Structure formats: structure tokens, C-alpha cells
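Coordinates as given in final26.pdb (PDB, C-alpha atoms):
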ATOM      1  CA  MET J   1      -5.848 -21.335 -10.189
ATOM      2  CA  ALA J   2      -8.926 -19.521 -11.483
ATOM      3  CA  ASP J   3      -9.298 -16.655 -13.932
ATOM      4  CA  ILE J   4     -11.826 -13.923 -14.567
ATOM      5  CA  LEU J   5     -12.299 -13.441 -18.319
ATOM      6  CA  HIS J   6     -14.290 -10.872 -20.281
ATOM      7  CA  ARG J   7     -14.716  -9.561 -23.827
ATOM      8  CA  VAL J   8     -16.276  -6.313 -24.975
ATOM      9  CA  GLY J   9     -16.328  -4.565 -28.344
ATOM     10  CA  ILE J  10     -16.246  -0.800 -28.485
ATOM     11  CA  LYS J  11     -18.066   0.558 -31.527
ATOM     12  CA  ASP J  12     -16.410   3.101 -33.830
ATOM     13  CA  SER J  13     -13.295   3.000 -31.701
ATOM     14  CA  ALA J  14      -9.723   1.813 -32.143
ATOM     15  CA  PRO J  15      -7.134  -0.053 -30.061
ATOM     16  CA  GLU J  16      -5.091   3.173 -29.792
ATOM     17  CA  LYS J  17      -7.953   4.860 -27.938
ATOM     18  CA  VAL J  18      -8.432   1.944 -25.559
ATOM     19  CA  TYR J  19      -4.691   1.885 -24.939
ATOM     20  CA  GLN J  20      -4.849   5.578 -23.969
ATOM     21  CA  ALA J  21      -7.632   4.845 -21.481
ATOM     22  CA  LEU J  22      -5.505   2.081 -19.905
ATOM     23  CA  THR J  23      -2.135   3.794 -19.768
ATOM     24  CA  THR J  24      -2.899   7.319 -18.578
ATOM     25  CA  VAL J  25      -4.092   8.355 -15.126
ATOM     26  CA  ASP J  26      -6.761  10.598 -16.663
ATOM     27  CA  GLY J  27      -8.021   7.791 -18.881
ATOM     28  CA  LEU J  28      -8.216   5.300 -16.015
ATOM     29  CA  ALA J  29      -9.942   7.863 -13.780
ATOM     30  CA  ASP J  30     -12.652   8.271 -16.410
ATOM     31  CA  TRP J  31     -13.867   4.671 -16.307
ATOM     32  CA  TRP J  32     -12.522   2.826 -13.222
ATOM     33  CA  THR J  33     -12.088   5.144 -10.266
ATOM     34  CA  VAL J  34     -11.725   8.902 -10.125
ATOM     35  CA  ASP J  35      -9.159   8.344  -7.355
ATOM     36  CA  THR J  36      -6.307   7.086  -9.573
ATOM     37  CA  GLU J  37      -2.692   8.180  -9.161
ATOM     38  CA  GLY J  38       0.779   7.115 -10.239
ATOM     39  CA  SER J  39       2.552   6.098 -13.436
ATOM     40  CA  ALA J  40       0.449   4.038 -15.827
ATOM     41  CA  GLY J  41       2.424   4.622 -19.000
ATOM     42  CA  ILE J  42       5.830   3.120 -18.171
ATOM     43  CA  VAL J  43       6.910  -0.422 -17.449
ATOM     44  CA  GLY J  44       7.760  -0.628 -13.749
ATOM     45  CA  GLY J  45       5.383   2.228 -12.906
ATOM     46  CA  ILE J  46       3.004   1.860  -9.976
ATOM     47  CA  VAL J  47      -0.642   2.929 -10.282
ATOM     48  CA  ARG J  48      -2.766   3.407  -7.157
ATOM     49  CA  PHE J  49      -6.512   2.878  -7.548
ATOM     50  CA  ARG J  50      -8.667   3.856  -4.569
ATOM     51  CA  PHE J  51     -12.352   3.260  -3.844
ATOM     52  CA  ALA J  52     -14.677   4.135  -0.940
ATOM     53  CA  VAL J  53     -13.423   0.985   0.756
ATOM     54  CA  GLY J  54      -9.793   0.102   0.043
ATOM     55  CA  GLY J  55      -8.081  -0.150  -3.309
ATOM     56  CA  PHE J  56      -5.359  -1.727  -5.386
ATOM     57  CA  ASP J  57      -1.758  -0.922  -6.295
ATOM     58  CA  MET J  58      -0.711  -2.258  -9.685
ATOM     59  CA  GLU J  59       2.749  -2.507 -11.170
ATOM     60  CA  VAL J  60       2.839  -2.096 -14.933
ATOM     61  CA  VAL J  61       4.719  -5.154 -16.195
ATOM     62  CA  GLU J  62       4.130  -5.028 -19.937
ATOM     63  CA  LEU J  63       3.147  -2.359 -22.455
ATOM     64  CA  ARG J  64       2.764  -3.057 -26.154
ATOM     65  CA  PRO J  65       1.198   0.065 -27.683
ATOM     66  CA  SER J  66      -2.365  -0.553 -28.921
ATOM     67  CA  GLU J  67      -1.983  -4.307 -28.361
ATOM     68  CA  ARG J  68      -1.373  -5.348 -24.818
ATOM     69  CA  VAL J  69      -1.168  -4.086 -21.235
ATOM     70  CA  VAL J  70      -0.290  -6.227 -18.214
ATOM     71  CA  TRP J  71      -0.405  -5.224 -14.554
ATOM     72  CA  ARG J  72       0.630  -7.162 -11.474
ATOM     73  CA  VAL J  73      -1.235  -6.494  -8.228
ATOM     74  CA  VAL J  74       1.337  -5.501  -5.614
ATOM     75  CA  ASP J  75      -1.008  -4.285  -2.868
ATOM     76  CA  GLY J  76      -4.699  -4.620  -2.061
ATOM     77  CA  PRO J  77      -6.993  -7.366  -0.780
ATOM     78  CA  GLU J  78      -5.082 -10.532   0.067
ATOM     79  CA  GLU J  79      -6.822 -12.518  -2.695
ATOM     80  CA  TRP J  80      -5.629 -10.015  -5.313
ATOM     81  CA  ILE J  81      -1.951  -9.826  -4.392
ATOM     82  CA  GLY J  82       0.194 -11.573  -6.976
ATOM     83  CA  THR J  83      -2.625 -11.882  -9.514
ATOM     84  CA  THR J  84      -2.218 -10.292 -12.937
ATOM     85  CA  VAL J  85      -4.555  -8.179 -15.021
ATOM     86  CA  GLU J  86      -4.078  -8.514 -18.773
ATOM     87  CA  TRP J  87      -5.645  -6.473 -21.565
ATOM     88  CA  LYS J  88      -5.409  -7.599 -25.207
ATOM     89  CA  LEU J  89      -6.605  -5.162 -27.862
ATOM     90  CA  ARG J  90      -7.310  -5.502 -31.571
ATOM     91  CA  GLN J  91      -9.428  -4.044 -34.358
ATOM     92  CA  GLU J  92     -12.352  -6.059 -35.734
ATOM     93  CA  GLY J  93     -14.305  -4.096 -38.364
ATOM     94  CA  ASP J  94     -15.772  -1.007 -36.672
ATOM     95  CA  TYR J  95     -15.040  -2.374 -33.210
ATOM     96  CA  ALA J  96     -12.057  -2.154 -30.889
ATOM     97  CA  ILE J  97     -12.085  -5.571 -29.225
ATOM     98  CA  VAL J  98     -10.922  -5.871 -25.618
ATOM     99  CA  LEU J  99     -10.013  -9.278 -24.233
ATOM    100  CA  PHE J 100      -9.604  -9.019 -20.486
ATOM    101  CA  GLY J 101      -8.162 -11.466 -17.969
ATOM    102  CA  HIS J 102      -7.699 -11.157 -14.216
ATOM    103  CA  GLN J 103      -5.631 -14.252 -13.728
ATOM    104  CA  GLY J 104      -4.066 -16.367 -11.049
ATOM    105  CA  TRP J 105      -6.675 -16.391  -8.289
ATOM    106  CA  LYS J 106      -5.701 -19.114  -5.824
ATOM    107  CA  GLU J 107      -9.321 -20.145  -5.165
ATOM    108  CA  PRO J 108     -12.697 -19.356  -6.760
ATOM    109  CA  VAL J 109     -13.905 -17.654  -3.567
ATOM    110  CA  GLU J 110     -17.141 -15.677  -3.314
ATOM    111  CA  PHE J 111     -15.149 -12.437  -3.565
ATOM    112  CA  MET J 112     -13.878 -13.634  -6.966
ATOM    113  CA  HIS J 113     -17.486 -14.099  -8.143
ATOM    114  CA  HIS J 114     -18.153 -10.499  -7.082
ATOM    115  CA  CYS J 115     -15.029  -9.149  -8.782
ATOM    116  CA  SER J 116     -15.952 -10.971 -12.005
ATOM    117  CA  THR J 117     -19.332  -9.241 -12.244
ATOM    118  CA  LYS J 118     -17.823  -5.941 -11.160
ATOM    119  CA  TRP J 119     -15.072  -6.125 -13.817
ATOM    120  CA  GLY J 120     -17.761  -6.775 -16.444
ATOM    121  CA  SER J 121     -19.568  -3.687 -15.270
ATOM    122  CA  PHE J 122     -16.383  -1.571 -15.359
ATOM    123  CA  LEU J 123     -15.619  -2.833 -18.886
ATOM    124  CA  MET J 124     -19.043  -1.522 -19.875
ATOM    125  CA  SER J 125     -17.988   1.774 -18.278
ATOM    126  CA  LEU J 126     -14.833   1.787 -20.449
ATOM    127  CA  LYS J 127     -16.970   1.018 -23.522
ATOM    128  CA  SER J 128     -19.375   3.807 -22.632
ATOM    129  CA  LEU J 129     -16.525   6.270 -22.083
ATOM    130  CA  LEU J 130     -15.125   5.649 -25.561
ATOM    131  CA  GLU J 131     -18.493   5.491 -27.311
ATOM    132  CA  THR J 132     -20.248   8.397 -25.608
ATOM    133  CA  GLY J 133     -17.558  10.365 -23.753
ATOM    134  CA  GLU J 134     -19.065   9.371 -20.404
ATOM    135  CA  GLY J 135     -17.919   6.452 -18.232
ATOM    136  CA  ALA J 136     -19.166   5.361 -14.813
ATOM    137  CA  PRO J 137     -16.046   5.270 -12.615
ATOM    138  CA  ALA J 138     -16.271   4.927  -8.827
ATOM    139  CA  PRO J 139     -17.803   6.564  -6.875
ATOM    140  CA  ARG J 140     -20.563   6.817  -9.505
ATOM    141  CA  ASP J 141     -20.148   3.174 -10.587
ATOM    142  CA  VAL J 142     -23.047   0.775 -11.081
ATOM    143  CA  GLN J 143     -23.936  -0.984  -7.811
ATOM    144  CA  ILE J 144     -24.253  -4.728  -8.275
ATOM    145  CA  SER J 145     -24.890  -5.920  -4.703
ATOM    146  CA  ASP J 146     -24.505  -5.347  -0.959
ATOM    147  CA  TRP J 147     -20.747  -5.382  -1.648
ATOM    148  CA  HIS J 148     -21.238  -2.512  -4.162
TER     149      HIS J 148
ATOM    150  CA  MET Z   1     -11.593 -26.809 -17.305
ATOM    151  CA  ALA Z   2     -12.630 -23.189 -16.888
ATOM    152  CA  ASP Z   3     -15.591 -21.601 -15.156
ATOM    153  CA  ILE Z   4     -17.548 -18.384 -15.473
ATOM    154  CA  LEU Z   5     -18.448 -17.051 -12.012
ATOM    155  CA  HIS Z   6     -20.605 -14.121 -10.939
ATOM    156  CA  ARG Z   7     -22.259 -12.660  -7.846
ATOM    157  CA  VAL Z   8     -25.073 -10.131  -7.633
ATOM    158  CA  GLY Z   9     -27.219  -8.960  -4.740
ATOM    159  CA  ILE Z  10     -30.833  -8.054  -5.347
ATOM    160  CA  LYS Z  11     -32.054  -5.361  -2.968
ATOM    161  CA  ASP Z  12     -35.292  -5.807  -1.003
ATOM    162  CA  SER Z  13     -35.764  -9.213  -2.554
ATOM    163  CA  ALA Z  14     -35.732 -12.810  -1.351
ATOM    164  CA  PRO Z  15     -34.386 -16.156  -2.591
ATOM    165  CA  GLU Z  16     -37.984 -17.325  -3.213
ATOM    166  CA  LYS Z  17     -38.472 -14.560  -5.763
ATOM    167  CA  VAL Z  18     -35.207 -15.330  -7.557
ATOM    168  CA  TYR Z  19     -36.133 -19.002  -7.566
ATOM    169  CA  GLN Z  20     -39.435 -18.124  -9.277
ATOM    170  CA  ALA Z  21     -37.567 -16.182 -11.965
ATOM    171  CA  LEU Z  22     -35.314 -19.205 -12.593
ATOM    172  CA  THR Z  23     -37.885 -21.994 -12.551
ATOM    173  CA  THR Z  24     -40.813 -20.613 -14.543
ATOM    174  CA  VAL Z  25     -40.936 -19.925 -18.271
ATOM    175  CA  ASP Z  26     -42.529 -16.525 -17.649
ATOM    176  CA  GLY Z  27     -39.855 -15.607 -15.120
ATOM    177  CA  LEU Z  28     -36.999 -16.628 -17.427
ATOM    178  CA  ALA Z  29     -38.577 -14.788 -20.372
ATOM    179  CA  ASP Z  30     -38.589 -11.595 -18.313
ATOM    180  CA  TRP Z  31     -34.821 -11.376 -17.889
ATOM    181  CA  TRP Z  32     -32.978 -13.751 -20.291
ATOM    182  CA  THR Z  33     -34.852 -14.165 -23.545
ATOM    183  CA  VAL Z  34     -38.494 -13.577 -24.382
ATOM    184  CA  ASP Z  35     -38.287 -16.709 -26.566
ATOM    185  CA  THR Z  36     -38.256 -19.275 -23.732
ATOM    186  CA  GLU Z  37     -40.267 -22.511 -23.796
ATOM    187  CA  GLY Z  38     -40.424 -25.836 -22.001
ATOM    188  CA  SER Z  39     -40.453 -27.122 -18.432
ATOM    189  CA  ALA Z  40     -38.273 -25.177 -16.032
ATOM    190  CA  GLY Z  41     -39.874 -26.271 -12.780
ATOM    191  CA  ILE Z  42     -39.312 -30.035 -12.748
ATOM    192  CA  VAL Z  43     -36.144 -32.087 -12.565
ATOM    193  CA  GLY Z  44     -35.629 -33.697 -15.972
ATOM    194  CA  GLY Z  45     -37.518 -30.914 -17.734
ATOM    195  CA  ILE Z  46     -36.044 -29.334 -20.855
ATOM    196  CA  VAL Z  47     -36.051 -25.556 -21.330
ATOM    197  CA  ARG Z  48     -35.419 -24.063 -24.774
ATOM    198  CA  PHE Z  49     -33.906 -20.571 -24.861
ATOM    199  CA  ARG Z  50     -33.751 -18.893 -28.290
ATOM    200  CA  PHE Z  51     -32.024 -15.699 -29.417
ATOM    201  CA  ALA Z  52     -31.741 -13.875 -32.767
ATOM    202  CA  VAL Z  53     -28.862 -16.213 -33.591
ATOM    203  CA  GLY Z  54     -29.180 -19.727 -32.156
ATOM    204  CA  GLY Z  55     -29.945 -20.707 -28.606
ATOM    205  CA  PHE Z  56     -29.548 -23.267 -25.836
ATOM    206  CA  ASP Z  57     -31.482 -26.277 -24.577
ATOM    207  CA  MET Z  58     -31.043 -26.929 -20.877
ATOM    208  CA  GLU Z  59     -32.030 -29.962 -18.855
ATOM    209  CA  VAL Z  60     -33.013 -29.178 -15.281
ATOM    210  CA  VAL Z  61     -30.845 -31.469 -13.164
ATOM    211  CA  GLU Z  62     -31.374 -30.119  -9.658
ATOM    212  CA  LEU Z  63     -33.999 -28.002  -7.911
ATOM    213  CA  ARG Z  64     -33.801 -27.074  -4.248
ATOM    214  CA  PRO Z  65     -36.532 -24.481  -3.649
ATOM    215  CA  SER Z  66     -35.113 -21.031  -2.866
ATOM    216  CA  GLU Z  67     -31.592 -22.465  -2.579
ATOM    217  CA  ARG Z  68     -30.233 -24.025  -5.719
ATOM    218  CA  VAL Z  69     -30.954 -24.611  -9.393
ATOM    219  CA  VAL Z  70     -28.706 -26.595 -11.744
ATOM    220  CA  TRP Z  71     -29.056 -26.964 -15.500
ATOM    221  CA  ARG Z  72     -27.052 -29.072 -17.938
ATOM    222  CA  VAL Z  73     -26.641 -27.805 -21.487
ATOM    223  CA  VAL Z  74     -27.923 -30.516 -23.839
ATOM    224  CA  ASP Z  75     -27.983 -28.545 -27.103
ATOM    225  CA  GLY Z  76     -26.493 -25.298 -28.388
ATOM    226  CA  PRO Z  77     -23.034 -24.088 -29.409
ATOM    227  CA  GLU Z  78     -20.468 -26.871 -29.292
ATOM    228  CA  GLU Z  79     -18.505 -25.172 -26.489
ATOM    229  CA  TRP Z  80     -21.617 -25.142 -24.274
ATOM    230  CA  ILE Z  81     -22.708 -28.750 -24.642
ATOM    231  CA  GLY Z  82     -22.070 -30.702 -21.456
ATOM    232  CA  THR Z  83     -21.349 -27.596 -19.390
ATOM    233  CA  THR Z  84     -23.504 -26.873 -16.336
ATOM    234  CA  VAL Z  85     -25.149 -23.702 -15.097
ATOM    235  CA  GLU Z  86     -25.539 -23.469 -11.338
ATOM    236  CA  TRP Z  87     -27.445 -20.917  -9.276
ATOM    237  CA  LYS Z  88     -27.013 -20.686  -5.497
ATOM    238  CA  LEU Z  89     -29.381 -18.405  -3.603
ATOM    239  CA  ARG Z  90     -29.429 -17.072  -0.053
ATOM    240  CA  GLN Z  91     -30.613 -14.127   2.023
ATOM    241  CA  GLU Z  92     -28.088 -11.584   3.317
ATOM    242  CA  GLY Z  93     -29.773  -8.710   5.148
ATOM    243  CA  ASP Z  94     -32.031  -6.883   2.671
ATOM    244  CA  TYR Z  95     -30.410  -8.628  -0.281
ATOM    245  CA  ALA Z  96     -31.116 -11.856  -2.119
ATOM    246  CA  ILE Z  97     -27.621 -13.043  -3.041
ATOM    247  CA  VAL Z  98     -27.130 -14.947  -6.286
ATOM    248  CA  LEU Z  99     -23.948 -16.962  -6.796
ATOM    249  CA  PHE Z 100     -23.744 -18.038 -10.406
ATOM    250  CA  GLY Z 101     -21.451 -20.547 -12.119
ATOM    251  CA  HIS Z 102     -21.310 -21.661 -15.747
ATOM    252  CA  GLN Z 103     -18.894 -24.495 -15.276
ATOM    253  CA  GLY Z 104     -16.931 -27.060 -17.190
ATOM    254  CA  TRP Z 105     -15.740 -25.155 -20.272
ATOM    255  CA  LYS Z 106     -13.064 -27.276 -21.941
ATOM    256  CA  GLU Z 107     -10.959 -24.254 -22.946
ATOM    257  CA  PRO Z 108     -10.959 -20.524 -22.061
ATOM    258  CA  VAL Z 109     -11.735 -19.608 -25.684
ATOM    259  CA  GLU Z 110     -12.636 -16.085 -26.814
ATOM    260  CA  PHE Z 111     -16.312 -17.089 -26.919
ATOM    261  CA  MET Z 112     -16.080 -17.909 -23.206
ATOM    262  CA  HIS Z 113     -14.766 -14.379 -22.518
ATOM    263  CA  HIS Z 114     -17.828 -13.050 -24.368
ATOM    264  CA  CYS Z 115     -20.260 -15.316 -22.517
ATOM    265  CA  SER Z 116     -18.770 -14.251 -19.186
ATOM    266  CA  THR Z 117     -19.463 -10.564 -19.824
ATOM    267  CA  LYS Z 118     -22.854 -11.372 -21.309
ATOM    268  CA  TRP Z 119     -23.880 -13.478 -18.292
ATOM    269  CA  GLY Z 120     -22.896 -10.582 -16.024
ATOM    270  CA  SER Z 121     -25.112  -8.316 -18.060
ATOM    271  CA  PHE Z 122     -28.049 -10.773 -17.907
ATOM    272  CA  LEU Z 123     -27.607 -11.105 -14.134
ATOM    273  CA  MET Z 124     -28.019  -7.331 -13.964
ATOM    274  CA  SER Z 125     -31.201  -7.808 -16.008
ATOM    275  CA  LEU Z 126     -32.443 -10.351 -13.433
ATOM    276  CA  LYS Z 127     -31.573  -7.898 -10.647
ATOM    277  CA  SER Z 128     -33.387  -5.092 -12.430
ATOM    278  CA  LEU Z 129     -36.444  -7.281 -13.027
ATOM    279  CA  LEU Z 130     -36.790  -8.042  -9.325
ATOM    280  CA  GLU Z 131     -35.932  -4.547  -8.117
ATOM    281  CA  THR Z 132     -37.928  -2.501 -10.620
ATOM    282  CA  GLY Z 133     -40.280  -4.930 -12.394
ATOM    283  CA  GLU Z 134     -38.401  -4.436 -15.669
ATOM    284  CA  GLY Z 135     -35.627  -6.700 -16.991
ATOM    285  CA  ALA Z 136     -33.719  -6.489 -20.276
ATOM    286  CA  PRO Z 137     -34.191  -9.915 -21.894
ATOM    287  CA  ALA Z 138     -33.218 -10.557 -25.530
ATOM    288  CA  PRO Z 139     -34.034  -9.086 -27.992
ATOM    289  CA  ARG Z 140     -33.885  -5.890 -25.923
ATOM    290  CA  ASP Z 141     -30.727  -6.979 -24.074
ATOM    291  CA  VAL Z 142     -27.688  -4.744 -23.551
ATOM    292  CA  GLN Z 143     -25.282  -5.020 -26.503
ATOM    293  CA  ILE Z 144     -21.721  -5.581 -25.324
ATOM    294  CA  SER Z 145     -19.855  -6.004 -28.632
ATOM    295  CA  ASP Z 146     -19.948  -6.981 -32.319
ATOM    296  CA  TRP Z 147     -21.110 -10.404 -31.053
ATOM    297  CA  HIS Z 148     -24.077  -8.728 -29.288
TER     298      HIS Z 148
END
Would you mind writing the file out in C-alpha cells?
Amino acid sequence: MADILHRVGIKDSAPEKVYQALTTVDGLADWWTVDTEGSAGIVGGIVRFRFAVGGFDMEVVELRPSERVVWRVVDGPEEWIGTTVEWKLRQEGDYAIVLFGHQGWKEPVEFMHHCSTKWGSFLMSLKSLLETGEGAPAPRDVQISDWH
Amino acid sequence: MADILHRVGIKDSAPEKVYQALTTVDGLADWWTVDTEGSAGIVGGIVRFRFAVGGFDMEVVELRPSERVVWRVVDGPEEWIGTTVEWKLRQEGDYAIVLFGHQGWKEPVEFMHHCSTKWGSFLMSLKSLLETGEGAPAPRDVQISDWH
């Protein structure tokens, strides 16, 4: 098993605001992909994220307001299915700290390397959204390679 | 054991150019930290990377021109010592592909989450350097959190 891990700190923000951006369709559309639909704010809800090529369906499996969000990937690329995406939030001085894990990859394939860098870039989009009001969700996301 | 993995593609570039940026002090100073000294281009060489707070000493353990570079961390934060940093390079159409691994972390501690995001950001600096002539090495690196 292999995990993608990240940490960002969002200045002059709070876990409540990050939680909003992770548990509402409008919030998610502002930093990950504008093509987001479904139910992000209830346990058992399904959220559909779509990109120019393909996408992911996530089931919300845990919600602890302002502390923790967990999704399970129920549809998408084969390597993603069954993996979990976990967000842990806390306050640290002026910063809202986000600890991120995309866990349970069967193998550290090249696609996992790509997704790791891409997640880092999308976390910077989330940070930017909360610090400046402007994220960089797909399709105006930062291109990191030939795989976008 | 836990690994940090990343992948970027550098447009209109070539593995030779990435290799230069990884095996010369001037190249490294242009994307990672301006305070770089030592011998990056010979196996057994030691390279010293310094930042506002602390730094890392790496021993060059493998060099395969335009294909592969491996460093071993010989001094720095306790969690880094003994870990390895591996760069695999190849051409893919117009892109120089960089597969990166910072491997052998004993535990997936919070500092590892931070380093993962920070490495992703520095890989984007390397990409920018080769695509535009301008990287973002420390101290003008992108700030990702309260830990910088």
C-alpha cells in the first residue's frame, strides 16, 4: 500500500472555512473542478467530480465539522477505486492547517506520482481560494505535465 | 517505510537539460536554494543545501547522465538522515519527464506531509526554470504554510 500525503497552511483562515470548501458543491467547484455535482455535506452522499478527461465519484464516509472529512472513491480510474481521501483540519495560530492523505494505493505506479504532484497543486488552489477569493479549479488548473 | 513521489513534465525540454540542473551547483541554485555549495557532478561528492532555517547535506550516490540521479541524505533534520532522493529522467514527445522519489522515511509524520507538498512546489520551480529561464529557489520560494 502507498499513500499520497500533503500539508498546507492557509493564512488568516479557520478550519470552519476549509470545511465549507470541502463539504459544499460550490466550495469544491471553486478549487478542484468547476464540474462538481452531488451531495458533499452528508454521510453516504455521492459527489461527482469531472475533468476534461474522466473524473471521480466519491462517497462521503465521515464528516466531523471543522475537523475531518473522509471520502471513498467509488468510481473513476481503476487505480483510484477503493482508495480513500482524508482531510484533517485544525487551527495553528493564524493558520488553518490541512493534513491531506490519499491512501490505499495498491502500487506506487507512475500515475500515483502524477496524482501526488497534482493534489499538491490543487491544495495550493484551495489555499489561494481561501486567502484571496480566487482558486484555480479545472479547467483553469495549473498544468504540471503532458498528463495535465 | 514511506515515500514521497512526484511526476512533472517539462515542455520543450530534454533529459540532458534536467540532468544539468540536478548535477551542477549553479543549476541547483536556480530552482531549489540559492545557497547551494559542493560537488554535485561526481559520485561521492557532497552537496550542501541551506535555507533560512537549517538545510541538508546530500551525498551523490549514483549518476547516469540524462537518466538517473540518486542522493543520500547525510546531514539535516533527523527524519531526513538516511533517506534517499531519486530522480529518473526520460523523453516523452515534447516533454522531459521527471519521476521523483524521496524514499525511506521511517514514519509518515506531519513533517513528511509538509515536505511532500514542498517538493511538489520545488519541482514546479525546476519546470519553470527550464521552460521560462526563471525558477523560484529559496529564499524566493512559494510559501505553502506556517512552516514555509
Check your understanding: Would you list which chain J residues are within 12 Å of chain Z using only C-alpha atoms, as a ChimeraX atom specification?
Key -> /J:1-13,88,91-103,107-128,131,142-148
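Around Ala136 (chain Z), within 6 Å and counting all atoms listed in the file, the residues found are Trp31, Ser125, Arg140 and Asp141 of chain Z, once anything fewer than 3 positions away on its own chain is removed.
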Box centre and edge lengths (Å, one decimal), axis-aligned, region 138-146 of chain J plus 4 Å each side, as AutoDock Vina command-line options:
--center_x -20.6 --center_y 0.4 --center_z -6.0 --size_x 16.6 --size_y 20.7 --size_z 18.1
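CA of Leu28 (chain Z) to CA of Gly82 (chain Z) spans 20.9 Å [interatomic distance, one decimal].
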Would you translate the PyMOL selection byres ((chain Z and resi 35) around 9) into the concrete set of residues it matches in this file, as a tab-separated table (two decimals) with C-alpha atoms, in the frame of the given file?
chain	number	residue	atom	x	y	z
Z	29	ALA	CA	-38.58	-14.79	-20.37
Z	32	TRP	CA	-32.98	-13.75	-20.29
Z	33	THR	CA	-34.85	-14.16	-23.54
Z	34	VAL	CA	-38.49	-13.58	-24.38
Z	36	THR	CA	-38.26	-19.27	-23.73
Z	37	GLU	CA	-40.27	-22.51	-23.80
Z	48	ARG	CA	-35.42	-24.06	-24.77
Z	49	PHE	CA	-33.91	-20.57	-24.86
Z	50	ARG	CA	-33.75	-18.89	-28.29
Z	51	PHE	CA	-32.02	-15.70	-29.42
Z	138	ALA	CA	-33.22	-10.56	-25.53
Z	139	PRO	CA	-34.03	-9.09	-27.99
Residues near region 73-81 of chain Z, anyone? I mean within 6 Å using all atoms listed in the file, not counting same-chain ones fewer than 5 positions away, as a JSON list (two decimals) with C-alpha atoms, in the coordinates of the input.
[["chain", "number", "residue", "atom", "x", "y", "z"],
["Z", 55, "GLY", "CA", -29.94, -20.71, -28.61],
["Z", 56, "PHE", "CA", -29.55, -23.27, -25.84],
["Z", 57, "ASP", "CA", -31.48, -26.28, -24.58],
["Z", 58, "MET", "CA", -31.04, -26.93, -20.88]]
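Note on the selection: in this file the PyMOL selection byres ((chain Z and resi 60) around 8) comes out as Ala40, Gly41, Ile42, Val43, Gly44, Gly45, Ile46, Val47, Met58, Glu59, Val61, Glu62, Leu63, Val69, Val70, Trp71 and Arg72 of chain Z.
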Point to revise | Which residue of J:Ser66, J:Thr83, J:Leu89, J:Gly104 approaches Glu16 (chain J) most closely, using only C-alpha atoms | key: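 That would be J:Ser66, the residue with the smallest distance to Glu16 (chain J).
Put simply, CA of Leu129 (chain Z) is 7.2 Å away from CA of Asp30 (chain Z).
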Exercise for review: Check the smallest atom-to-atom distance from each of J:Tyr19, J:Leu130, J:Val25, J:Lys106 to Arg68 (chain J) using only C-alpha atoms, then report the winner.
Suggested key: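 That would be J:Tyr19, the residue with the smallest distance to Arg68 (chain J).
CA of Val85 (chain J) is found 25.8 Å from CA of Val85 (chain Z).
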Using the block above, I'd like region 114-126 of chain J written out, keeping N, CA, C and O atoms and formatting it as a PDB file, in the first residue's frame.
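Once everything was written out, this is part_19.pdb:
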ATOM      1  N   HIS J 114       2.090  11.219 -10.520  1.00  0.00           N
ATOM      2  CA  HIS J 114       1.388  12.353 -11.135  1.00  0.00           C
ATOM      3  C   HIS J 114       0.309  12.897 -10.198  1.00  0.00           C
ATOM      4  O   HIS J 114       0.213  14.115  -9.971  1.00  0.00           O
ATOM      5  N   CYS J 115      -0.503  12.002  -9.653  1.00  0.00           N
ATOM      6  CA  CYS J 115      -1.604  12.449  -8.788  1.00  0.00           C
ATOM      7  C   CYS J 115      -1.067  13.145  -7.536  1.00  0.00           C
ATOM      8  O   CYS J 115      -1.692  14.083  -7.030  1.00  0.00           O
ATOM      9  N   SER J 116       0.078  12.709  -7.039  1.00  0.00           N
ATOM     10  CA  SER J 116       0.675  13.342  -5.860  1.00  0.00           C
ATOM     11  C   SER J 116       0.999  14.812  -6.140  1.00  0.00           C
ATOM     12  O   SER J 116       0.625  15.711  -5.365  1.00  0.00           O
ATOM     13  N   THR J 117       1.660  15.058  -7.256  1.00  0.00           N
ATOM     14  CA  THR J 117       2.022  16.445  -7.602  1.00  0.00           C
ATOM     15  C   THR J 117       0.768  17.264  -7.878  1.00  0.00           C
ATOM     16  O   THR J 117       0.654  18.427  -7.483  1.00  0.00           O
ATOM     17  N   LYS J 118      -0.183  16.616  -8.553  1.00  0.00           N
ATOM     18  CA  LYS J 118      -1.424  17.318  -8.910  1.00  0.00           C
ATOM     19  C   LYS J 118      -2.237  17.667  -7.664  1.00  0.00           C
ATOM     20  O   LYS J 118      -2.789  18.766  -7.564  1.00  0.00           O
ATOM     21  N   TRP J 119      -2.314  16.755  -6.688  1.00  0.00           N
ATOM     22  CA  TRP J 119      -3.002  17.062  -5.430  1.00  0.00           C
ATOM     23  C   TRP J 119      -2.332  18.254  -4.741  1.00  0.00           C
ATOM     24  O   TRP J 119      -3.006  19.147  -4.214  1.00  0.00           O
ATOM     25  N   GLY J 120      -0.993  18.269  -4.734  1.00  0.00           N
ATOM     26  CA  GLY J 120      -0.284  19.392  -4.112  1.00  0.00           C
ATOM     27  C   GLY J 120      -0.693  20.707  -4.751  1.00  0.00           C
ATOM     28  O   GLY J 120      -0.951  21.710  -4.076  1.00  0.00           O
ATOM     29  N   SER J 121      -0.790  20.672  -6.062  1.00  0.00           N
ATOM     30  CA  SER J 121      -1.168  21.855  -6.820  1.00  0.00           C
ATOM     31  C   SER J 121      -2.623  22.273  -6.508  1.00  0.00           C
ATOM     32  O   SER J 121      -2.928  23.459  -6.329  1.00  0.00           O
ATOM     33  N   PHE J 122      -3.520  21.292  -6.394  1.00  0.00           N
ATOM     34  CA  PHE J 122      -4.909  21.623  -6.059  1.00  0.00           C
ATOM     35  C   PHE J 122      -5.044  22.104  -4.606  1.00  0.00           C
ATOM     36  O   PHE J 122      -5.918  22.927  -4.291  1.00  0.00           O
ATOM     37  N   LEU J 123      -4.190  21.616  -3.709  1.00  0.00           N
ATOM     38  CA  LEU J 123      -4.206  22.142  -2.337  1.00  0.00           C
ATOM     39  C   LEU J 123      -3.776  23.604  -2.323  1.00  0.00           C
ATOM     40  O   LEU J 123      -4.289  24.409  -1.534  1.00  0.00           O
ATOM     41  N   MET J 124      -2.851  23.960  -3.213  1.00  0.00           N
ATOM     42  CA  MET J 124      -2.457  25.365  -3.328  1.00  0.00           C
ATOM     43  C   MET J 124      -3.612  26.189  -3.909  1.00  0.00           C
ATOM     44  O   MET J 124      -3.758  27.380  -3.590  1.00  0.00           O
ATOM     45  N   SER J 125      -4.433  25.557  -4.734  1.00  0.00           N
ATOM     46  CA  SER J 125      -5.629  26.220  -5.263  1.00  0.00           C
ATOM     47  C   SER J 125      -6.637  26.483  -4.130  1.00  0.00           C
ATOM     48  O   SER J 125      -7.223  27.566  -4.031  1.00  0.00           O
ATOM     49  N   LEU J 126      -6.808  25.483  -3.265  1.00  0.00           N
ATOM     50  CA  LEU J 126      -7.692  25.635  -2.090  1.00  0.00           C
ATOM     51  C   LEU J 126      -7.177  26.757  -1.190  1.00  0.00           C
ATOM     52  O   LEU J 126      -7.947  27.615  -0.722  1.00  0.00           O
TER      53      LEU J 126
END
